[in-house]
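Before any comments, here is the structure.
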Amino acid sequence: QKEVEQDPGPLSVPEGAIVSLNCTYSNSAFQYFMWYRQYSRKGPELLMYTYSSGNKEDGRFTAQVDKSSKYISLFIRDSQPSDSATYLCATSVAGSSGSARQLTFGSGTQLTVLP
Amino acid sequence: NAGVTQTPKFQVLKTGQSMTLQCAQDMNHNSMYWYRQDPGMGLRLIYYSASEGTTDKGEVPNGYNVSRLNKREFSLRLESAAPSQTSVYFCASSERRRVAGETQYFGPGTRLLVL
């Protein structure tokens, strides 16, 4: 079993829809949770990160972490065609100050927003 | 400010050939990483370097070697390429922080095909 599971999709929605992307994880030691966006033939770019449980909002994007159920979510409001990409969740444990932090990635969900 | 750059962008090798993938960052980051991305597998860490002069194995190090040449450059070498190493390779770098949250910045990737 992978440490981080993510539904690969593909997911196709009409413009303006609310999109919900989800991951589950198995390692209770994970403390940091991130969402990366990857456009076709490009490198991933960090979209949002959260520490421990709770919500974090940034414009049309909301990241949610529920550590009790080991569930990570990303919500996209008023989705746009420009949001079409692969979304990867990632987690890591708490490292010592200054140490490199290894990330464990989900396999990614491919999202298409239709105009 | 170019961020993370990788060369080459695309390479075709025959089984048994060797090659080195180059990565450089101009953000003065301490930590650098090499990942491979395969369909349905997400990003998997091959090797990482927490700081200049140190390297450590990640999840899938077999068949690879790395060199942290200086603070800017981190290379990945395939000594004897195998078809199983056909993948997209991403280099990333991150800054050292005392508090939670660490952004890894990714390069554009190198697409490698081993015949």
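Residue numbering restarts at 1 in every chain; chains get A, B, ... in the order shown in the structure tokens, and ligands count up from 1 in that same order.
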List the spatial neighbours of Leu74 in chain A as a list in words - criterion: any atom at most 8 Å away, only C-alpha atoms, same-chain residues fewer than 4 positions off excluded.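 Contacts, in chain order: Val19, Ser20, Leu21, Asn22, Trp35, Phe61, Thr62, Ala63 and Gln64 of chain A.
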Write out as a ChimeraX atom specification every residue belonging to chain B that has an atom at most 10 Å from any atom of chain A, counting only C-alpha atoms. /B:4,30-33,37-45,47-51,58-59,88-111
Would you export the selected residues with N, CA and C atoms as a compact mmCIF listing (two decimals), in the first residue's frame, please?
```
# COMPACT_ATOMS: atom_id res chain seq x y z
N VAL B 4 15.40 26.84 -11.39
CA VAL B 4 16.05 25.55 -11.54
C VAL B 4 16.11 25.20 -13.02
N ASN B 30 20.00 25.55 -0.14
CA ASN B 30 20.91 24.55 0.40
C ASN B 30 20.58 23.14 -0.08
N SER B 31 19.30 22.82 -0.16
CA SER B 31 18.89 21.44 -0.44
C SER B 31 18.51 21.27 -1.90
N MET B 32 18.91 20.11 -2.44
CA MET B 32 18.55 19.78 -3.83
C MET B 32 18.13 18.33 -3.91
N TYR B 33 17.29 18.02 -4.90
CA TYR B 33 16.64 16.71 -4.98
C TYR B 33 16.58 16.24 -6.44
N GLN B 37 9.42 10.62 -12.41
CA GLN B 37 7.97 10.60 -12.48
C GLN B 37 7.53 9.62 -13.54
N ASP B 38 6.76 8.64 -13.13
CA ASP B 38 6.25 7.61 -14.02
C ASP B 38 4.73 7.60 -13.95
N PRO B 39 4.06 7.23 -15.03
CA PRO B 39 2.59 7.21 -15.03
C PRO B 39 2.05 6.35 -13.89
N GLY B 40 1.10 6.93 -13.14
CA GLY B 40 0.46 6.20 -12.06
C GLY B 40 1.29 6.05 -10.80
N MET B 41 2.53 6.56 -10.83
CA MET B 41 3.42 6.38 -9.67
C MET B 41 3.71 7.70 -8.97
N GLY B 42 3.35 8.79 -9.56
CA GLY B 42 3.68 10.07 -8.95
C GLY B 42 5.17 10.35 -9.01
N LEU B 43 5.62 11.23 -8.17
CA LEU B 43 7.03 11.58 -8.09
C LEU B 43 7.70 10.73 -7.02
N ARG B 44 8.80 10.12 -7.34
CA ARG B 44 9.54 9.31 -6.37
C ARG B 44 10.96 9.85 -6.25
N LEU B 45 11.39 9.99 -5.02
CA LEU B 45 12.69 10.59 -4.73
C LEU B 45 13.80 9.58 -5.00
N TYR B 47 17.53 10.60 -5.06
CA TYR B 47 18.59 11.05 -4.15
C TYR B 47 18.30 12.48 -3.76
N TYR B 48 18.88 12.89 -2.65
CA TYR B 48 18.81 14.28 -2.27
C TYR B 48 20.09 14.71 -1.60
N SER B 49 20.26 16.02 -1.53
CA SER B 49 21.45 16.60 -0.91
C SER B 49 20.97 17.72 0.02
N ALA B 50 21.13 17.51 1.31
CA ALA B 50 20.66 18.50 2.27
C ALA B 50 21.50 19.78 2.22
N SER B 51 22.76 19.61 1.90
CA SER B 51 23.65 20.77 1.81
C SER B 51 24.86 20.37 0.98
N GLY B 58 17.21 8.27 -1.58
CA GLY B 58 15.77 8.41 -1.41
C GLY B 58 15.09 7.07 -1.52
N GLU B 59 13.92 7.08 -2.12
CA GLU B 59 13.10 5.87 -2.20
C GLU B 59 13.59 4.88 -3.26
N VAL B 88 10.54 10.51 -16.70
CA VAL B 88 10.80 11.95 -16.70
C VAL B 88 11.48 12.27 -15.38
N TYR B 89 12.62 12.92 -15.46
CA TYR B 89 13.42 13.21 -14.27
C TYR B 89 13.32 14.69 -13.93
N PHE B 90 13.02 14.96 -12.68
CA PHE B 90 12.91 16.34 -12.20
C PHE B 90 13.93 16.59 -11.10
N CYS B 91 14.55 17.73 -11.21
CA CYS B 91 15.42 18.23 -10.16
C CYS B 91 14.65 19.30 -9.40
N ALA B 92 14.89 19.41 -8.12
CA ALA B 92 14.23 20.43 -7.31
C ALA B 92 15.21 20.98 -6.29
N SER B 93 14.91 22.16 -5.80
CA SER B 93 15.73 22.73 -4.73
C SER B 93 14.81 23.37 -3.70
N SER B 94 15.30 23.53 -2.49
CA SER B 94 14.49 24.15 -1.45
C SER B 94 15.38 24.93 -0.50
N GLU B 95 14.76 25.88 0.18
CA GLU B 95 15.51 26.69 1.12
C GLU B 95 15.34 26.12 2.52
N ARG B 96 16.31 26.39 3.33
CA ARG B 96 16.30 25.93 4.71
C ARG B 96 15.48 26.90 5.54
N ARG B 97 14.52 26.40 6.27
CA ARG B 97 13.71 27.29 7.10
C ARG B 97 13.63 26.75 8.52
N ARG B 98 13.50 27.66 9.47
CA ARG B 98 13.38 27.24 10.86
C ARG B 98 11.97 26.81 11.21
N VAL B 99 10.99 27.34 10.50
CA VAL B 99 9.61 27.03 10.82
C VAL B 99 9.00 26.15 9.75
N ALA B 100 7.78 25.76 9.97
CA ALA B 100 7.11 24.83 9.07
C ALA B 100 6.97 25.39 7.67
N GLY B 101 6.91 24.53 6.75
CA GLY B 101 6.69 24.93 5.36
C GLY B 101 7.99 25.02 4.60
N GLU B 102 8.09 24.28 3.58
CA GLU B 102 9.31 24.32 2.76
C GLU B 102 8.88 24.14 1.32
N THR B 103 9.16 25.15 0.52
CA THR B 103 8.79 25.09 -0.88
C THR B 103 9.90 24.45 -1.68
N GLN B 104 9.57 23.39 -2.38
CA GLN B 104 10.52 22.82 -3.32
C GLN B 104 10.20 23.37 -4.70
N TYR B 105 11.21 23.93 -5.34
CA TYR B 105 11.08 24.50 -6.67
C TYR B 105 11.62 23.49 -7.68
N PHE B 106 10.80 23.19 -8.66
CA PHE B 106 11.15 22.15 -9.63
C PHE B 106 11.65 22.74 -10.94
N GLY B 107 12.54 21.99 -11.56
CA GLY B 107 12.98 22.31 -12.91
C GLY B 107 11.98 21.83 -13.93
N PRO B 108 12.24 22.06 -15.22
CA PRO B 108 11.29 21.68 -16.28
C PRO B 108 11.31 20.21 -16.63
N GLY B 109 12.29 19.46 -16.14
CA GLY B 109 12.31 18.02 -16.39
C GLY B 109 13.19 17.62 -17.55
N THR B 110 13.67 16.38 -17.49
CA THR B 110 14.40 15.73 -18.58
C THR B 110 13.65 14.45 -18.93
N ARG B 111 13.26 14.33 -20.19
CA ARG B 111 12.56 13.11 -20.63
C ARG B 111 13.61 12.15 -21.16
```
Give me, as a PyMOL selection string, the residues of range 3-113 of chain A that a backbone DSSP run labels strand (DSSP E). chain A and resi 4-6+11-14+19-25+30-38+45-51+54-58+61-66+71-76+85-93+104-105+109-113
Please provide the set of residues having any atom within 8 Å of range 72-85 of chain B, restricted to only C-alpha atoms, with same-chain residues fewer than 4 positions apart removed, written as a list of chain:residue names.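 Surrounding residues, per the criterion: B:Leu13, B:Lys14, B:Thr15, B:Gly16, B:Gln17, B:Ser18, B:Met19, B:Thr20, B:Leu21, B:Gln22, B:Cys23, B:Ala24, B:Gln25, B:Asp26, B:Asn28, B:His29, B:Met32, B:Tyr33, B:Trp34, B:Gly63, B:Tyr64, B:Asn65, B:Val66, B:Ser67, B:Arg68, B:Leu112, B:Leu113, B:Val114, B:Leu115.
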Between CA of Glu3 in chain A and CA of Thr91 in chain A, what distance in Å does the model show, to one decimal? 9.4 Å
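What separates CA of Arg36 in chain B from CA of Gln110 in chain A is a distance of 18.0 Å.
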May I ask for the distance between CA of Gln38 in chain A and CA of Glu15 in chain A, given in Å to one decimal place?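 Distance reported for this atom pair: 19.0 Å.
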